[in-house]
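Novice: Input: one structure, supplied below.
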Amino acid sequence: ESTLDPRLFVKKAQPSGQEGFRTEKSFENLGLSARLLQNIQAKGYLTLTNIQEQSILPLLEGKDMMAISKTGSGKTAAFLIPIIEHALKDPRNFTALVVTPTRELALQIEEEFKSLTQGMQLYSATFIGGTNINSDHAKLERKLQVIVGTPGRLLDLSDRKVLDLRKVNTLVLDEFDRMLDMGFVLDVNKLVNRIGKRDQTLLFSATLEPAQKKLIDGLLSNPVEVKVNSGS
Ligand code: ADP
Ligand code: MG
């Protein structure tokens, strides 16, 4: 018994690694719309994670952002909550595009958006490879506040002129490091060029390589830089 490593017990106390990311701040003091707050609480989110605490207010103010924080730290809600708040203010003119590297991540983001927008007249759709592109055309016939997708399929729809990227006013590059690892850099550049002028650009990543800094500087304008190191 005396040979047991005490560190084993520390790990056991934090099985998911999630606890280290939590703050004690509640969502109530962010000035969010009542229905959004209600939906956040219905998901069981009682306190902000670290990255959420640092990013939600500057994003609500419309700032560009580069946010680095580990997987599992709550980055999806960190960008979706301000997006939903902005969409509620001007649903007819608001269009956010969330670009993410994998189909699975895209579906998870849309699921999170749907649960956070219960009871609101806000709409989203997901566009990913491996699905029938013709059914994407129908999804784009209605006004969508949030478009989620993987780079290849989004470009494909833009080539076909069914997706008009010029109307995107908020761009989120999610899991940016993985996007580069998977060889999407040219696709991302193409998407960004086709979007052109926009109000807000958000880049979320688990890691940041110094070599990527120049590329990132070209995508963001005067960004707030947020880095969270907690959790391990
Ligand atoms: P990341 O994108 O940083 O990898 P996710 O956005 O996928 O992380 O979130 C990881 C998990 O944490 C999800 O299951 C999500 O529902 C949960 N989560 C997010 N924010 C909170 C919060 N404030 N309180 C509790 N759980 C949260
Ligand atoms: Mg994520």
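Quick note on naming: the chains in the structure tokens go A, B, ... in the order shown, residues restart at 1 in each chain, and ligands are numbered from 1 in order of appearance.
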Leu203 of chain A: which residues within 10 Å, counting only C-alpha atoms, same-chain residues fewer than 4 positions away excluded, as number ranges by chain?

Specialist: A: 64-68, 79, 98-99, 171-177, 216, 219-220, 223, 225

Novice: Could you give me, as a ChimeraX atom specification, every polymer residue with an atom at most 6 Å away from an atom of ligand 1, counting only C-alpha atoms and all ligand atoms?

Specialist: /A:45-49,70-77

Novice: As a ChimeraX atom specification, list the residues of segment 3-219 of chain A assigned to alpha helix (DSSP H) by DSSP on the backbone atoms of this structure.

Specialist: /A:7-13,34-42,50-60,75-89,103-116,133-139,151-159,176-181,185-195,213-219

Novice: Using only C-alpha atoms for the distances, tell me which of A:Leu116, A:Leu80, A:Leu191, A:Ile147 is nearest to Phe204 of chain A.

Specialist: A:Leu80

Novice: Have a look at atom CA of Phe127 of chain A and atom CA of Leu107 of chain A and let me know their distance in Å, one decimal.

Specialist: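 According to the coordinates, atom CA of Phe127 of chain A and atom CA of Leu107 of chain A are separated by 9.0 Å.
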
Novice: So that I can check the surroundings of Leu32 of chain A, please list as a PyMOL selection string every protein, DNA and RNA residue that reaches within 10 Å of it, counting only C-alpha atoms and ignoring chain neighbours fewer than 3 positions away.

Specialist: chain A and resi 27-29+35-38+60+81-82+84-85

Novice: Save out the residues we just selected, N, CA and C atoms, as a PDB file, in the first residue's frame.

Specialist:
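Listing of again.pdb after writing:
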```pdb
ATOM      1  N   PHE A  27     -23.489  31.777 -16.418  1.00  0.00           N
ATOM      2  CA  PHE A  27     -23.836  32.376 -17.708  1.00  0.00           C
ATOM      3  C   PHE A  27     -24.766  33.584 -17.544  1.00  0.00           C
ATOM      4  N   GLU A  28     -25.220  33.784 -16.308  1.00  0.00           N
ATOM      5  CA  GLU A  28     -26.277  34.780 -16.103  1.00  0.00           C
ATOM      6  C   GLU A  28     -25.837  36.230 -16.247  1.00  0.00           C
ATOM      7  N   ASN A  29     -24.549  36.486 -16.095  1.00  0.00           N
ATOM      8  CA  ASN A  29     -24.114  37.889 -16.095  1.00  0.00           C
ATOM      9  C   ASN A  29     -23.545  38.349 -17.432  1.00  0.00           C
ATOM     10  N   ARG A  35     -34.077  33.498 -23.682  1.00  0.00           N
ATOM     11  CA  ARG A  35     -34.289  32.154 -24.225  1.00  0.00           C
ATOM     12  C   ARG A  35     -32.960  31.410 -24.409  1.00  0.00           C
ATOM     13  N   LEU A  36     -31.938  32.142 -24.825  1.00  0.00           N
ATOM     14  CA  LEU A  36     -30.618  31.516 -24.999  1.00  0.00           C
ATOM     15  C   LEU A  36     -30.093  31.033 -23.646  1.00  0.00           C
ATOM     16  N   LEU A  37     -30.216  31.869 -22.648  1.00  0.00           N
ATOM     17  CA  LEU A  37     -29.775  31.489 -21.305  1.00  0.00           C
ATOM     18  C   LEU A  37     -30.508  30.235 -20.825  1.00  0.00           C
ATOM     19  N   GLN A  38     -31.797  30.230 -21.086  1.00  0.00           N
ATOM     20  CA  GLN A  38     -32.618  29.079 -20.700  1.00  0.00           C
ATOM     21  C   GLN A  38     -32.130  27.796 -21.396  1.00  0.00           C
ATOM     22  N   LEU A  60     -19.024  38.891 -28.383  1.00  0.00           N
ATOM     23  CA  LEU A  60     -20.298  39.630 -28.396  1.00  0.00           C
ATOM     24  C   LEU A  60     -20.078  41.059 -28.879  1.00  0.00           C
ATOM     25  N   ILE A  81     -22.485  30.697 -28.908  1.00  0.00           N
ATOM     26  CA  ILE A  81     -23.309  31.586 -28.072  1.00  0.00           C
ATOM     27  C   ILE A  81     -23.293  33.028 -28.621  1.00  0.00           C
ATOM     28  N   PRO A  82     -22.114  33.628 -28.893  1.00  0.00           N
ATOM     29  CA  PRO A  82     -22.147  34.974 -29.500  1.00  0.00           C
ATOM     30  C   PRO A  82     -22.810  34.993 -30.876  1.00  0.00           C
ATOM     31  N   ILE A  84     -25.274  33.135 -31.915  1.00  0.00           N
ATOM     32  CA  ILE A  84     -26.732  33.080 -31.732  1.00  0.00           C
ATOM     33  C   ILE A  84     -27.260  34.443 -31.282  1.00  0.00           C
ATOM     34  N   GLU A  85     -26.532  35.071 -30.384  1.00  0.00           N
ATOM     35  CA  GLU A  85     -26.942  36.393 -29.905  1.00  0.00           C
ATOM     36  C   GLU A  85     -26.972  37.398 -31.077  1.00  0.00           C
TER      37      GLU A  85
END
```

Novice: Got a sec: who's within 8 Å of Ala87 of chain A, counting only C-alpha atoms, leaving out chain neighbours fewer than 5 positions off, as a list in words?

Specialist: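 After dropping sequence-adjacent residues, the list is Phe94, Thr95, Leu122 and Gln145 of chain A.
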
Novice: Could you check which of A:Asn39, A:Ser115, A:Asn193, A:Ser205 is closest to ligand 2, using only C-alpha atoms and all ligand atoms?

Specialist: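 Selected residue with least distance to ligand 2: A:Ser205.
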
Novice: Check the smallest atom-to-atom distance from each of A:Gly119, A:Lys143, A:Leu154, A:Ile83 to Ala106 of chain A using only C-alpha atoms, then report the winner.

Specialist: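 The answer is A:Leu154, which sits nearest to Ala106 of chain A.
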
Novice: Quick one: residues within 10 Å of Lys167 of chain A, only C-alpha atoms counted, chain neighbours fewer than 3 positions away excluded, as an NGL selection string?

Specialist: :A and (93-97 or 163-164 or 170 or 194-198)

Novice: Write the selection just made, keeping C-alpha atoms, as a PDB file, in the first residue's frame?

Specialist:
```pdb
ATOM      1  CA  ASN A  93     -29.115  39.643 -42.606  1.00  0.00           C
ATOM      2  CA  PHE A  94     -26.957  37.440 -40.434  1.00  0.00           C
ATOM      3  CA  THR A  95     -25.054  34.532 -41.974  1.00  0.00           C
ATOM      4  CA  ALA A  96     -22.294  32.670 -40.177  1.00  0.00           C
ATOM      5  CA  LEU A  97     -20.175  30.035 -41.876  1.00  0.00           C
ATOM      6  CA  LEU A 163     -23.931  28.649 -52.018  1.00  0.00           C
ATOM      7  CA  ASP A 164     -23.222  32.374 -52.229  1.00  0.00           C
ATOM      8  CA  THR A 170     -19.196  35.899 -39.721  1.00  0.00           C
ATOM      9  CA  ARG A 194     -14.691  34.046 -51.957  1.00  0.00           C
ATOM     10  CA  ILE A 195     -16.274  35.358 -48.743  1.00  0.00           C
ATOM     11  CA  GLY A 196     -14.297  38.557 -49.080  1.00  0.00           C
ATOM     12  CA  LYS A 197     -15.269  41.391 -46.756  1.00  0.00           C
ATOM     13  CA  ARG A 198     -16.884  40.241 -43.516  1.00  0.00           C
TER      14      ARG A 198
END
```

Novice: When DSSP works through the backbone of this structure, what residues of segment 70-151 of chain A end up as strand (DSSP E or B), shown as a PyMOL selection string?

Specialist: chain A and resi 96-99+124-127+146-149

Novice: Please save N, CA and C atoms of the selected residues as a PDB file, in the first residue's frame.

Specialist:
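selection36.pdb written:
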```
ATOM      1  N   ALA A  96     -23.597  33.145 -40.652  1.00  0.00           N
ATOM      2  CA  ALA A  96     -22.294  32.670 -40.177  1.00  0.00           C
ATOM      3  C   ALA A  96     -21.940  31.399 -40.925  1.00  0.00           C
ATOM      4  N   LEU A  97     -20.682  31.274 -41.277  1.00  0.00           N
ATOM      5  CA  LEU A  97     -20.175  30.035 -41.876  1.00  0.00           C
ATOM      6  C   LEU A  97     -19.168  29.428 -40.908  1.00  0.00           C
ATOM      7  N   VAL A  98     -19.418  28.199 -40.499  1.00  0.00           N
ATOM      8  CA  VAL A  98     -18.494  27.483 -39.611  1.00  0.00           C
ATOM      9  C   VAL A  98     -17.818  26.382 -40.423  1.00  0.00           C
ATOM     10  N   VAL A  99     -16.520  26.519 -40.601  1.00  0.00           N
ATOM     11  CA  VAL A  99     -15.757  25.538 -41.381  1.00  0.00           C
ATOM     12  C   VAL A  99     -14.987  24.652 -40.410  1.00  0.00           C
ATOM     13  N   SER A 124     -30.188  26.364 -39.356  1.00  0.00           N
ATOM     14  CA  SER A 124     -28.843  25.940 -39.721  1.00  0.00           C
ATOM     15  C   SER A 124     -28.930  24.746 -40.655  1.00  0.00           C
ATOM     16  N   ALA A 125     -27.838  24.492 -41.359  1.00  0.00           N
ATOM     17  CA  ALA A 125     -27.732  23.260 -42.141  1.00  0.00           C
ATOM     18  C   ALA A 125     -26.261  22.886 -42.225  1.00  0.00           C
ATOM     19  N   THR A 126     -26.034  21.609 -42.450  1.00  0.00           N
ATOM     20  CA  THR A 126     -24.670  21.090 -42.504  1.00  0.00           C
ATOM     21  C   THR A 126     -24.375  20.526 -43.884  1.00  0.00           C
ATOM     22  N   PHE A 127     -23.202  20.838 -44.396  1.00  0.00           N
ATOM     23  CA  PHE A 127     -22.816  20.402 -45.740  1.00  0.00           C
ATOM     24  C   PHE A 127     -21.480  19.670 -45.669  1.00  0.00           C
ATOM     25  N   VAL A 146     -26.898  29.923 -39.781  1.00  0.00           N
ATOM     26  CA  VAL A 146     -25.619  29.237 -39.575  1.00  0.00           C
ATOM     27  C   VAL A 146     -25.450  28.099 -40.573  1.00  0.00           C
ATOM     28  N   ILE A 147     -24.366  28.173 -41.313  1.00  0.00           N
ATOM     29  CA  ILE A 147     -24.003  27.137 -42.283  1.00  0.00           C
ATOM     30  C   ILE A 147     -22.755  26.452 -41.744  1.00  0.00           C
ATOM     31  N   VAL A 148     -22.832  25.139 -41.590  1.00  0.00           N
ATOM     32  CA  VAL A 148     -21.696  24.380 -41.075  1.00  0.00           C
ATOM     33  C   VAL A 148     -21.216  23.456 -42.182  1.00  0.00           C
ATOM     34  N   GLY A 149     -19.913  23.295 -42.325  1.00  0.00           N
ATOM     35  CA  GLY A 149     -19.479  22.360 -43.354  1.00  0.00           C
ATOM     36  C   GLY A 149     -18.003  22.071 -43.355  1.00  0.00           C
TER      37      GLY A 149
END
```

Novice: One decimal, Å: what's the distance from atom CA of Asn229 of chain A over to atom CA of Leu202 of chain A, could you say?

Specialist: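 Going from atom CA of Asn229 of chain A over to atom CA of Leu202 of chain A, I get 19.1 Å.
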